[in-house]
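K.L.:
Here you go, this is input_14.tsv (TSV, C-alpha atoms).
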```tsv
chain	number	residue	atom	x	y	z
A	196	MET	CA	122.25	73.62	-122.01
A	197	ALA	CA	121.31	73.14	-118.37
A	198	ILE	CA	120.96	76.07	-116.03
A	199	ASP	CA	120.60	75.80	-112.26
A	200	VAL	CA	117.59	77.61	-110.87
A	201	ARG	CA	117.25	78.33	-107.15
A	202	ILE	CA	113.65	78.17	-105.98
A	203	PRO	CA	112.45	80.09	-102.89
A	204	THR	CA	110.63	78.24	-100.10
A	205	ILE	CA	107.32	79.80	-101.06
A	206	LEU	CA	107.37	78.25	-104.57
A	207	ARG	CA	108.70	74.79	-103.70
A	208	GLN	CA	105.20	73.34	-103.75
A	209	TYR	CA	105.68	73.37	-107.54
A	210	THR	CA	109.05	71.59	-107.49
A	211	GLY	CA	108.18	68.76	-105.11
A	212	GLY	CA	110.09	70.56	-102.37
A	213	ALA	CA	113.32	70.88	-104.39
A	214	LYS	CA	115.49	73.90	-103.54
A	215	GLN	CA	117.26	73.84	-106.85
A	216	VAL	CA	116.15	72.52	-110.22
A	217	GLU	CA	117.63	72.41	-113.71
A	218	ALA	CA	116.02	73.98	-116.74
A	219	LYS	CA	116.89	74.89	-120.32
A	220	GLY	CA	116.52	78.07	-122.33
A	221	ASP	CA	118.62	80.68	-124.12
A	222	SER	CA	116.58	83.47	-122.56
A	223	LEU	CA	114.90	83.88	-119.19
A	224	GLY	CA	111.47	83.71	-120.85
A	225	ALA	CA	112.36	80.41	-122.55
A	226	LEU	CA	113.78	79.08	-119.28
A	227	ILE	CA	110.55	79.89	-117.43
A	228	ASP	CA	108.51	78.13	-120.17
A	229	ASP	CA	110.76	75.09	-119.77
A	230	LEU	CA	110.38	75.23	-115.98
A	231	ASP	CA	106.62	75.36	-116.34
A	232	ALA	CA	106.63	72.28	-118.59
A	233	THR	CA	108.32	70.23	-115.84
A	234	HIS	CA	106.73	72.06	-112.90
A	235	PRO	CA	103.27	73.12	-114.07
A	236	GLY	CA	101.90	76.25	-112.45
A	237	LEU	CA	105.27	77.87	-111.71
A	238	LYS	CA	105.10	80.30	-114.61
A	239	GLY	CA	101.78	81.68	-113.38
A	240	ARG	CA	103.44	82.66	-110.11
A	241	LEU	CA	106.36	84.44	-111.79
A	242	VAL	CA	104.87	86.11	-114.84
A	243	THR	CA	101.66	88.18	-115.06
A	244	ASP	CA	98.95	87.77	-117.70
A	245	GLU	CA	100.47	90.79	-119.43
A	246	GLY	CA	103.73	88.87	-119.82
A	247	THR	CA	105.87	90.82	-117.35
A	248	LEU	CA	107.52	89.68	-114.14
A	249	HIS	CA	105.23	89.78	-111.12
A	250	ARG	CA	105.82	92.93	-109.05
A	251	PHE	CA	106.85	91.02	-105.93
A	252	VAL	CA	109.12	88.52	-107.68
A	253	ASN	CA	112.81	89.25	-108.19
A	254	VAL	CA	114.90	87.14	-110.54
A	255	TYR	CA	118.68	87.32	-110.68
A	256	VAL	CA	121.07	85.87	-113.24
A	257	ASN	CA	124.50	85.48	-111.63
A	258	ASP	CA	123.33	87.82	-108.85
A	259	GLU	CA	122.28	90.64	-111.22
A	260	ASP	CA	118.59	91.71	-111.21
A	261	VAL	CA	117.11	90.82	-114.61
A	262	ARG	CA	114.93	93.94	-114.62
A	263	PHE	CA	118.15	95.80	-115.53
A	264	THR	CA	119.42	93.28	-118.11
A	265	GLY	CA	116.38	92.86	-120.39
A	266	ALA	CA	113.86	91.22	-118.02
A	267	LEU	CA	112.40	88.08	-119.67
A	268	ASP	CA	114.59	88.71	-122.75
A	269	THR	CA	117.78	88.42	-120.66
A	270	THR	CA	120.04	85.97	-122.48
A	271	LEU	CA	121.37	82.93	-120.69
A	272	SER	CA	124.44	80.83	-121.28
A	273	ASP	CA	125.66	77.52	-120.00
A	274	GLY	CA	126.77	77.72	-116.39
A	275	ASP	CA	124.63	80.75	-115.52
A	276	GLU	CA	122.86	80.62	-112.19
A	277	VAL	CA	119.31	81.84	-111.84
A	278	THR	CA	117.92	82.82	-108.41
A	279	ILE	CA	114.24	83.53	-107.80
A	280	LEU	CA	113.28	85.44	-104.63
A	281	PRO	CA	110.20	87.19	-103.30
A	282	ALA	CA	110.64	90.96	-102.82
A	283	VAL	CA	110.97	91.69	-99.09
A	284	ALA	CA	111.70	94.80	-97.04
A	285	GLY	CA	115.26	95.72	-96.08
A	286	GLY	CA	116.43	98.65	-93.92
B	178	MET	CA	135.57	120.95	-87.03
B	179	ARG	CA	133.27	122.46	-84.42
B	180	TYR	CA	129.51	121.94	-84.12
B	181	GLY	CA	126.84	123.28	-81.79
B	182	SER	CA	125.44	119.83	-81.02
B	183	LEU	CA	125.79	116.21	-82.05
B	184	VAL	CA	122.89	116.42	-84.51
B	185	GLU	CA	124.71	119.14	-86.45
B	186	ALA	CA	127.76	116.89	-86.81
B	187	VAL	CA	125.95	114.63	-89.28
B	188	GLY	CA	127.43	114.15	-92.75
B	189	ASN	CA	130.60	115.51	-94.35
B	190	THR	CA	132.18	112.11	-93.94
B	191	PRO	CA	135.65	111.33	-95.32
B	192	LEU	CA	136.13	109.76	-98.74
B	193	VAL	CA	139.18	107.51	-98.72
B	194	GLY	CA	140.94	105.75	-101.57
B	195	LEU	CA	141.50	102.00	-101.55
B	196	PRO	CA	145.00	101.67	-103.02
B	197	THR	CA	145.19	97.91	-102.51
B	198	LEU	CA	141.70	96.78	-103.54
B	199	SER	CA	141.44	99.13	-106.55
B	200	PRO	CA	141.90	96.99	-109.68
B	201	SER	CA	144.37	99.43	-111.35
B	202	ASP	CA	145.55	103.05	-111.48
B	203	ASP	CA	142.77	103.68	-114.00
B	204	VAL	CA	139.97	101.94	-112.12
B	205	ARG	CA	139.89	103.30	-108.60
B	206	LEU	CA	137.70	102.52	-105.62
B	207	TRP	CA	136.76	105.15	-103.03
B	208	ALA	CA	135.05	104.42	-99.73
B	209	LYS	CA	132.80	107.03	-98.09
B	210	LEU	CA	133.02	106.40	-94.36
B	211	GLU	CA	129.46	106.77	-93.12
B	212	ASP	CA	130.41	105.11	-89.85
B	213	ARG	CA	131.80	108.56	-88.92
B	214	ASN	CA	128.27	109.89	-88.39
B	215	PRO	CA	126.99	110.74	-84.87
B	216	THR	CA	125.60	107.28	-84.02
B	217	GLY	CA	127.95	105.41	-86.32
B	218	SER	CA	125.86	104.84	-89.42
B	219	LEU	CA	124.59	106.28	-92.65
B	220	LYS	CA	121.08	106.30	-91.20
B	221	ASP	CA	121.73	109.42	-89.13
B	222	ARG	CA	121.20	111.43	-92.29
B	223	ALA	CA	117.70	110.10	-93.06
B	224	ALA	CA	116.64	110.02	-89.40
B	225	ILE	CA	117.58	113.65	-88.71
B	226	TRP	CA	115.97	114.88	-91.94
B	227	MET	CA	112.75	112.96	-91.26
B	228	VAL	CA	112.48	114.35	-87.72
B	229	GLN	CA	113.22	117.91	-88.83
B	230	GLN	CA	110.62	117.68	-91.60
B	231	ALA	CA	108.00	116.29	-89.18
B	232	GLU	CA	108.77	119.18	-86.82
B	233	LYS	CA	108.33	121.70	-89.67
B	234	ASP	CA	105.04	120.03	-90.57
B	235	GLY	CA	103.88	120.40	-86.97
B	236	LEU	CA	103.58	116.64	-86.42
B	237	LEU	CA	106.01	116.41	-83.50
B	238	HIS	CA	105.84	118.19	-80.14
B	239	PRO	CA	107.79	117.59	-76.92
B	240	GLY	CA	106.48	114.35	-75.46
B	241	SER	CA	105.32	112.97	-78.85
B	242	THR	CA	105.72	109.26	-79.53
B	243	ILE	CA	107.51	108.18	-82.71
B	244	LEU	CA	106.95	104.65	-84.02
B	245	GLU	CA	109.26	103.12	-86.63
B	246	PRO	CA	109.79	99.68	-88.16
B	247	THR	CA	113.56	99.20	-88.33
B	248	SER	CA	116.14	96.43	-88.37
B	249	GLY	CA	118.45	98.61	-86.31
B	250	ASN	CA	120.45	101.53	-87.66
B	251	THR	CA	117.53	103.86	-88.40
B	252	GLY	CA	116.16	103.08	-84.97
B	253	ILE	CA	119.45	103.92	-83.28
B	254	SER	CA	119.69	107.20	-85.18
B	255	LEU	CA	116.08	108.11	-84.35
B	256	ALA	CA	116.61	107.14	-80.72
B	257	MET	CA	119.48	109.60	-80.42
B	258	VAL	CA	117.52	112.47	-82.00
B	259	ALA	CA	114.40	111.59	-79.99
B	260	ARG	CA	116.42	111.67	-76.76
B	261	LEU	CA	117.80	115.13	-77.56
B	262	ARG	CA	114.42	116.56	-78.61
B	263	GLY	CA	112.25	115.01	-75.91
B	264	TYR	CA	110.33	112.45	-77.97
B	265	HIS	CA	109.61	108.87	-77.04
B	266	LEU	CA	110.64	106.26	-79.63
B	267	ILE	CA	109.08	102.85	-80.16
B	268	CYS	CA	110.84	100.55	-82.63
B	269	VAL	CA	109.30	97.47	-84.20
B	270	LEU	CA	112.45	95.38	-84.49
B	271	PRO	CA	112.70	91.88	-86.01
B	272	GLU	CA	113.94	89.34	-83.43
B	273	ASN	CA	116.79	88.20	-85.68
B	274	THR	CA	118.87	91.37	-85.41
B	275	SER	CA	122.14	91.60	-83.49
B	276	ALA	CA	122.17	91.96	-79.70
B	277	GLU	CA	124.25	95.13	-79.95
B	278	ARG	CA	121.51	96.88	-81.90
B	279	ARG	CA	118.93	96.07	-79.23
B	280	MET	CA	121.31	97.19	-76.46
B	281	LEU	CA	122.02	100.50	-78.16
B	282	LEU	CA	118.31	101.19	-78.64
B	283	GLU	CA	117.60	100.44	-75.00
B	284	MET	CA	120.51	102.58	-73.88
B	285	TYR	CA	119.06	105.54	-75.77
B	286	GLY	CA	115.73	104.93	-74.06
B	287	ALA	CA	113.76	103.47	-76.95
B	288	THR	CA	111.03	100.89	-76.42
B	289	ILE	CA	111.38	97.76	-78.54
B	290	ILE	CA	108.42	95.79	-79.85
B	291	PRO	CA	109.85	92.57	-81.27
B	292	SER	CA	108.49	91.18	-84.53
B	293	PRO	CA	108.87	87.48	-85.46
B	294	ALA	CA	112.18	86.43	-87.04
B	295	ALA	CA	110.48	84.49	-89.82
B	296	GLY	CA	108.71	87.59	-91.11
B	297	GLY	CA	111.91	89.66	-91.44
B	298	SER	CA	111.51	93.39	-91.97
B	299	ASN	CA	108.32	92.75	-93.95
B	300	GLN	CA	106.45	91.81	-90.83
B	301	ALA	CA	108.02	94.65	-88.84
B	302	VAL	CA	106.59	97.05	-91.42
B	303	ALA	CA	103.17	95.37	-91.34
B	304	MET	CA	103.09	95.41	-87.51
B	305	ALA	CA	104.09	99.08	-87.36
B	306	LYS	CA	101.32	99.98	-89.82
B	307	GLU	CA	98.75	98.17	-87.65
B	308	LEU	CA	100.04	99.78	-84.45
B	309	VAL	CA	99.91	103.29	-85.84
B	310	ALA	CA	96.33	102.68	-87.01
B	311	GLU	CA	95.41	101.69	-83.43
B	312	HIS	CA	97.29	104.68	-81.93
B	313	PRO	CA	96.49	107.71	-84.07
B	314	ASP	CA	98.51	109.97	-81.76
B	315	TRP	CA	101.75	108.11	-82.58
B	316	VAL	CA	103.83	109.46	-85.43
B	317	MET	CA	105.30	106.95	-87.86
B	318	LEU	CA	108.07	108.62	-89.85
B	319	TYR	CA	108.20	105.56	-92.13
B	320	GLN	CA	111.64	105.43	-93.68
B	321	TYR	CA	110.40	103.29	-96.61
B	322	GLY	CA	108.07	105.95	-97.93
B	323	ASN	CA	109.10	109.28	-96.39
B	324	PRO	CA	110.42	111.63	-99.10
B	325	ALA	CA	112.58	113.38	-96.47
B	326	ALA	CA	114.64	110.19	-96.14
B	327	ALA	CA	115.62	110.33	-99.81
B	328	ARG	CA	115.96	114.13	-99.71
B	329	ALA	CA	118.59	113.83	-96.98
B	330	HIS	CA	120.79	112.05	-99.50
B	331	TYR	CA	119.83	114.35	-102.38
B	332	GLU	CA	120.87	117.34	-100.29
B	333	THR	CA	123.91	115.90	-98.49
B	334	THR	CA	125.36	112.54	-99.59
B	335	GLY	CA	125.09	113.23	-103.33
B	336	PRO	CA	126.69	116.70	-103.20
B	337	GLU	CA	129.46	115.46	-100.88
B	338	VAL	CA	130.36	112.66	-103.32
B	339	LEU	CA	130.49	115.06	-106.27
B	340	ARG	CA	132.48	117.65	-104.29
B	341	ASP	CA	135.10	115.14	-103.14
B	342	CYS	CA	135.23	113.11	-106.37
B	343	PRO	CA	134.20	115.27	-109.36
B	344	THR	CA	135.34	112.47	-111.71
B	345	VAL	CA	132.95	109.92	-110.16
B	346	THR	CA	131.76	107.35	-112.73
B	347	HIS	CA	129.94	104.89	-110.45
B	348	PHE	CA	128.08	105.25	-107.16
B	349	VAL	CA	127.42	102.02	-105.26
B	350	ALA	CA	125.27	101.75	-102.13
B	351	GLY	CA	123.06	99.33	-100.28
B	352	LEU	CA	119.41	98.86	-101.18
B	353	GLY	CA	117.10	98.51	-98.18
B	354	THR	CA	114.58	101.31	-97.90
B	355	THR	CA	116.10	102.57	-101.20
B	356	GLY	CA	116.33	106.13	-99.76
B	357	THR	CA	120.11	106.46	-100.14
B	358	LEU	CA	120.21	105.34	-103.76
B	359	MET	CA	117.10	107.31	-104.74
B	360	GLY	CA	118.34	110.56	-103.19
B	361	ALA	CA	122.07	110.48	-103.94
B	362	GLY	CA	121.40	108.72	-107.26
B	363	ARG	CA	119.04	111.44	-108.50
B	364	TYR	CA	121.45	114.20	-107.50
B	365	LEU	CA	124.41	112.55	-109.20
B	366	ARG	CA	122.42	111.80	-112.38
B	367	GLU	CA	121.36	115.45	-112.61
B	368	HIS	CA	124.97	116.58	-112.39
B	369	LYS	CA	126.75	113.71	-114.17
B	370	PRO	CA	124.30	112.21	-116.68
B	371	ASP	CA	126.67	109.31	-117.48
B	372	VAL	CA	127.15	108.21	-113.89
B	373	GLN	CA	126.19	104.63	-113.08
B	374	ILE	CA	124.05	104.11	-109.98
B	375	VAL	CA	124.52	100.60	-108.63
B	376	ALA	CA	122.48	98.90	-105.89
B	377	ALA	CA	123.70	96.05	-103.69
B	378	GLU	CA	120.93	94.28	-101.85
B	379	PRO	CA	121.62	91.68	-99.17
B	380	ARG	CA	120.46	88.14	-99.90
B	381	TYR	CA	119.61	86.63	-96.52
B	382	GLY	CA	119.11	83.04	-95.48
B	383	GLU	CA	115.88	81.33	-96.43
B	384	LEU	CA	114.10	81.97	-93.15
B	385	VAL	CA	113.92	85.66	-93.95
B	386	TYR	CA	111.98	85.03	-97.17
B	387	GLY	CA	109.38	82.92	-95.39
B	388	LEU	CA	106.31	84.68	-96.75
B	389	ARG	CA	103.09	82.72	-96.88
B	390	ASN	CA	102.16	84.23	-100.19
B	391	ILE	CA	103.99	86.11	-102.95
B	392	ASP	CA	101.40	88.87	-102.63
B	393	GLU	CA	102.79	89.63	-99.18
B	394	GLY	CA	105.94	90.87	-100.92
B	395	PHE	CA	107.09	94.41	-100.37
B	396	VAL	CA	108.60	97.13	-102.53
B	397	PRO	CA	109.35	100.39	-100.69
B	398	GLU	CA	107.20	103.33	-101.76
B	399	LEU	CA	110.38	105.38	-102.32
B	400	TYR	CA	111.74	102.96	-104.92
B	401	ASP	CA	112.02	104.21	-108.50
B	402	PRO	CA	114.00	101.70	-110.58
B	403	SER	CA	114.69	104.31	-113.28
B	404	VAL	CA	117.27	105.91	-110.96
B	405	LEU	CA	119.38	102.73	-110.98
B	406	THR	CA	121.72	101.41	-113.64
B	407	THR	CA	121.73	97.94	-112.16
B	408	ARG	CA	121.11	95.98	-109.00
B	409	TYR	CA	123.02	93.07	-107.47
B	410	SER	CA	121.89	90.55	-104.88
B	411	VAL	CA	124.77	89.57	-102.60
B	412	GLY	CA	124.74	86.56	-100.29
B	413	ALA	CA	126.30	86.30	-96.84
B	414	ARG	CA	129.35	84.38	-98.08
B	415	ASP	CA	130.47	87.08	-100.54
B	416	ALA	CA	129.56	89.87	-98.10
B	417	LEU	CA	131.66	88.30	-95.35
B	418	ARG	CA	134.62	87.65	-97.65
B	419	ARG	CA	134.67	91.28	-98.79
B	420	THR	CA	134.15	92.62	-95.25
B	421	ARG	CA	137.26	90.74	-94.15
B	422	GLN	CA	139.20	91.87	-97.21
B	423	LEU	CA	138.43	95.49	-96.32
B	424	ILE	CA	140.06	95.00	-92.94
B	425	GLU	CA	143.01	92.98	-94.22
B	426	SER	CA	143.85	95.12	-97.26
B	427	GLU	CA	142.74	98.61	-96.32
B	428	GLY	CA	142.33	98.63	-92.55
B	429	ILE	CA	138.63	99.48	-92.75
B	430	PHE	CA	136.53	97.75	-90.07
B	431	ALA	CA	133.06	97.83	-91.61
B	432	GLY	CA	129.71	96.16	-91.02
B	433	ILE	CA	128.65	93.22	-93.13
B	434	SER	CA	126.37	95.12	-95.50
B	435	THR	CA	129.43	97.11	-96.59
B	436	GLY	CA	131.00	93.83	-97.70
B	437	ALA	CA	127.98	93.27	-99.93
B	438	ILE	CA	128.39	96.76	-101.37
B	439	LEU	CA	132.10	96.19	-102.03
B	440	GLN	CA	131.23	92.95	-103.84
B	441	ALA	CA	128.93	94.92	-106.17
B	442	ALA	CA	131.57	97.67	-106.58
B	443	LEU	CA	134.17	95.11	-107.63
B	444	GLY	CA	131.58	93.55	-109.97
B	445	VAL	CA	131.09	96.84	-111.83
B	446	ALA	CA	134.84	97.54	-111.72
B	447	ASP	CA	135.29	94.29	-113.62
B	448	LYS	CA	133.00	95.53	-116.38
B	449	VAL	CA	134.94	98.76	-117.05
B	450	PRO	CA	136.36	98.41	-120.60
B	451	ALA	CA	140.17	98.20	-120.78
B	452	GLY	CA	141.82	101.60	-121.12
B	453	GLN	CA	138.84	103.51	-119.65
B	454	ARG	CA	139.12	105.37	-116.39
B	455	ALA	CA	136.65	104.83	-113.57
B	456	ASP	CA	136.20	106.34	-110.12
B	457	ILE	CA	133.88	104.06	-108.20
B	458	VAL	CA	132.52	105.54	-104.98
B	459	PHE	CA	130.84	103.19	-102.51
B	460	LEU	CA	129.37	103.72	-99.07
B	461	VAL	CA	130.63	102.17	-95.87
B	462	CYS	CA	127.24	102.06	-94.11
B	463	ASP	CA	128.52	101.44	-90.60
B	464	GLY	CA	131.40	99.97	-88.63
B	465	GLY	CA	131.65	96.34	-87.59
B	466	TRP	CA	131.15	96.99	-83.88
B	467	LYS	CA	127.46	96.19	-83.80
B	468	TYR	CA	127.99	92.79	-85.42
B	469	LEU	CA	130.82	91.35	-83.32
B	470	SER	CA	128.43	89.09	-81.41
B	471	THR	CA	127.14	87.53	-84.65
B	472	GLY	CA	130.45	85.71	-85.18
B	473	ALA	CA	130.99	87.40	-88.55
B	474	TYR	CA	134.57	88.33	-87.75
B	475	ALA	CA	135.77	85.13	-86.11
B	476	GLY	CA	136.71	81.69	-87.37
B	477	THR	CA	136.51	80.52	-90.96
B	478	LEU	CA	134.23	82.01	-93.59
B	479	GLU	CA	132.14	78.83	-93.38
B	480	ASP	CA	131.67	79.28	-89.62
B	481	ALA	CA	130.74	82.92	-90.07
B	482	GLU	CA	128.30	82.15	-92.88
B	483	GLN	CA	126.69	79.51	-90.71
B	484	ALA	CA	126.41	81.97	-87.83
B	485	LEU	CA	124.59	84.50	-90.02
B	486	GLU	CA	122.00	82.02	-91.33
B	487	GLY	CA	118.58	83.42	-90.52
B	488	GLN	CA	119.99	86.74	-89.25
B	489	LEU	CA	119.20	90.17	-90.71
B	490	TRP	CA	122.86	91.06	-91.15
B	491	ALA	CA	122.48	94.22	-93.22
```
What would you get if you wrote out this structure as structure tokens?
P.N.:
Amino acid sequence: MAIDVRIPTILRQYTGGAKQVEAKGDSLGALIDDLDATHPGLKGRLVTDEGTLHRFVNVYVNDEDVRFTGALDTTLSDGDEVTILPAVAGG
Amino acid sequence: MRYGSLVEAVGNTPLVGLPTLSPSDDVRLWAKLEDRNPTGSLKDRAAIWMVQQAEKDGLLHPGSTILEPTSGNTGISLAMVARLRGYHLICVLPENTSAERRMLLEMYGATIIPSPAAGGSNQAVAMAKELVAEHPDWVMLYQYGNPAAARAHYETTGPEVLRDCPTVTHFVAGLGTTGTLMGAGRYLREHKPDVQIVAAEPRYGELVYGLRNIDEGFVPELYDPSVLTTRYSVGARDALRRTRQLIESEGIFAGISTGAILQAALGVADKVPAGQRADIVFLVCDGGWKYLSTGAYAGTLEDAEQALEGQLWA
């Protein structure tokens, strides 16, 4: 099961500059572990030592914020699209 | 309707049904036309409430200088109130905002301090915080953290929605400073515990997320995620498509952020179980006038999407 993950500019140092990478996992947590195996260091930028998403990182599965769908336990299926973005100001 | 002055004419905007875009007779969409406010946007509510609160608190006097980081609408609303009350307004405005917004601000007499495009609103906020530290006599109302900005919606937008649509099941609005959703969301939850509060946040082009470090990220002080049911991120392509659909199907000429909100409204409409009724109220933040120069309304969707790359379109 391959899921497309969009990587923000600020984290592309971990993906060799790639904007989009593929990863596997039936939950967001598993997907991030898989990402970290291929792109070491990425997990540390997304997840805190306490095992929660970093305050200034937003992750969306099919455009929906995972903090409202189970956070790292959010389930993933084939064809889902994951987008990672830094939290920035709007308004 | 008759009012003593323009400032008093804020709010009480019409709520109109969308007979064509509503998915069915059971699942109905309603648009609250915030472009009918004095300066043409939702932000008049927060701006007027913030100024009035600062006056009550004794922070503002004739001749005072107000400083605000804004990507446009809040600045335009503040500029109008400032003009009427005799304050001077300085806006820290990101460079990548539409020409119309800058022209309107200048017309109202505001001073614009541009902030770099690559830093988006984040850098405008950071610059404003530095400036106000250097000029202690300036008053920063600070829409991202001023409780009066959320209270405006708790006291006005929320009650208006419930008054005009007592059967409301979903409330969908844009997430920027978070003031609208926090204020109206809290009011609606108190009165309709089952209501769903849905946020639509714009997903800009990459330039706008050009932070040097994740720790430079920003979450508005007003934001309390427990008020929300869910939150969608909507890209320019979907926002533009829905903005055009609003014109074509319902005759509503809205700004681009409203397209993003409609996208989220249709997303939640899709999740309503068959046979259940839903009344989904969403906000039309402003009209499309201020965005004509961006190219959003001309040519193909591809052209328009291209034109918005790197712009703060919401």
K.L.:
Do me a favour and pick out the residues of chain B within 7 Å of chain A, using all atoms listed in the file, as a list of chain:residue names.
P.N.:
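Therefore, the residues near the partner are B:Thr247, B:Ser248, B:Ser298, B:Asn299, B:Gly353, B:Thr354, B:Tyr386, B:Gly387, B:Leu388, B:Arg389, B:Asn390, B:Ile391, B:Asp392, B:Gly394, B:Phe395, B:Val396, B:Thr406, B:Thr407, B:Arg408, B:Tyr409, B:Ser410, B:Val411.
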K.L.:
If you count all atoms listed in the file, which residues fall within 7 Å of region 451-462 of chain B, apart from same-chain ones fewer than 3 positions away, as a ChimeraX atom specification?
P.N.:
/B:203-212,218-219,344-350,431,435,438,442
K.L.:
Tell me which of A:Ala232, A:Ile227, A:Val277, A:Leu271 sits closest to Gln215 (chain A), counting only C-alpha atoms.
P.N.:
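Checking each of A:Ala232, A:Ile227, A:Val277, A:Leu271 against Gln215 (chain A), counting only C-alpha atoms, the winner is A:Val277.
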K.L.:
Compile the contact shell of Leu443 (chain B) as JSON, numbers by chain: residues with an atom at most 10 Å away, counting all atoms listed in the file, same-chain residues fewer than 2 positions apart removed.
P.N.:
{"B": [198, 199, 200, 206, 349, 419, 438, 439, 440, 441, 445, 446, 447, 448, 457]}
K.L.:
List every protein, DNA or RNA residue with an atom no more than 8 Å from (114.3, 86.4, -93.9) in the file's coordinates, counting only C-alpha atoms, and format the result as a list of chain:residue names.
P.N.:
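Protein, DNA and RNA residues close to (114.3, 86.4, -93.9): B:Ala294, B:Ala295, B:Gly296, B:Gly297, B:Ser298, B:Tyr381, B:Gly382, B:Glu383, B:Leu384, B:Val385, B:Tyr386, B:Gly387, B:Gly487, B:Gln488, B:Leu489.
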K.L.:
Using all atoms listed in the file, which protein or nucleic acid residues come within 9 Å of Thr247 (chain A)? Drop anything in the same chain fewer than 5 positions from it, and give the result as a list in words.
P.N.:
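That gives Leu241, Val242, Ala266 and Leu267 of chain A.
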K.L.:
Have a look at CA of Gly252 (chain B) and CA of Gln229 (chain B) and let me know their distance in Å, one decimal.
P.N.:
15.6 Å
K.L.:
In Å, with one decimal, what is the gap from CA of Ala361 (chain B) to CA of Glu277 (chain B)?
P.N.:
28.6 Å
K.L.:
Extract, using only C-alpha atoms, all DNA, RNA and protein residues at most 8 Å from Gly224 (chain A), discarding same-chain residues fewer than 4 positions from it, and format them as number ranges by chain.
P.N.:
A: 220, 228, 267-269
K.L.:
Kindly export the residues of the current selection with C-alpha atoms, as a PDB file, in the frame of the given file.
P.N.:
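Result went into out00.pdb, see below:
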```
ATOM      1  CA  GLY A 220     116.520  78.070-122.330  1.00  0.00           C
ATOM      2  CA  ASP A 228     108.510  78.130-120.170  1.00  0.00           C
ATOM      3  CA  LEU A 267     112.400  88.080-119.670  1.00  0.00           C
ATOM      4  CA  ASP A 268     114.590  88.710-122.750  1.00  0.00           C
ATOM      5  CA  THR A 269     117.780  88.420-120.660  1.00  0.00           C
TER       6      THR A 269
END
```
K.L.:
So how far away is CA of Arg222 (chain B) from CA of Thr334 (chain B), in Å?
P.N.:
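Answer for the CA of Thr334 (chain B) to CA of Arg222 (chain B) separation: 8.5 Å.
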K.L.:
Please determine, counting only C-alpha atoms, which residue among A:Lys219, A:Gly211, A:Thr243, A:Thr233 has the shortest atom-to-atom distance to Asp199 (chain A).
P.N.:
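Counting only C-alpha atoms, the residue closest to Asp199 (chain A) is A:Lys219.
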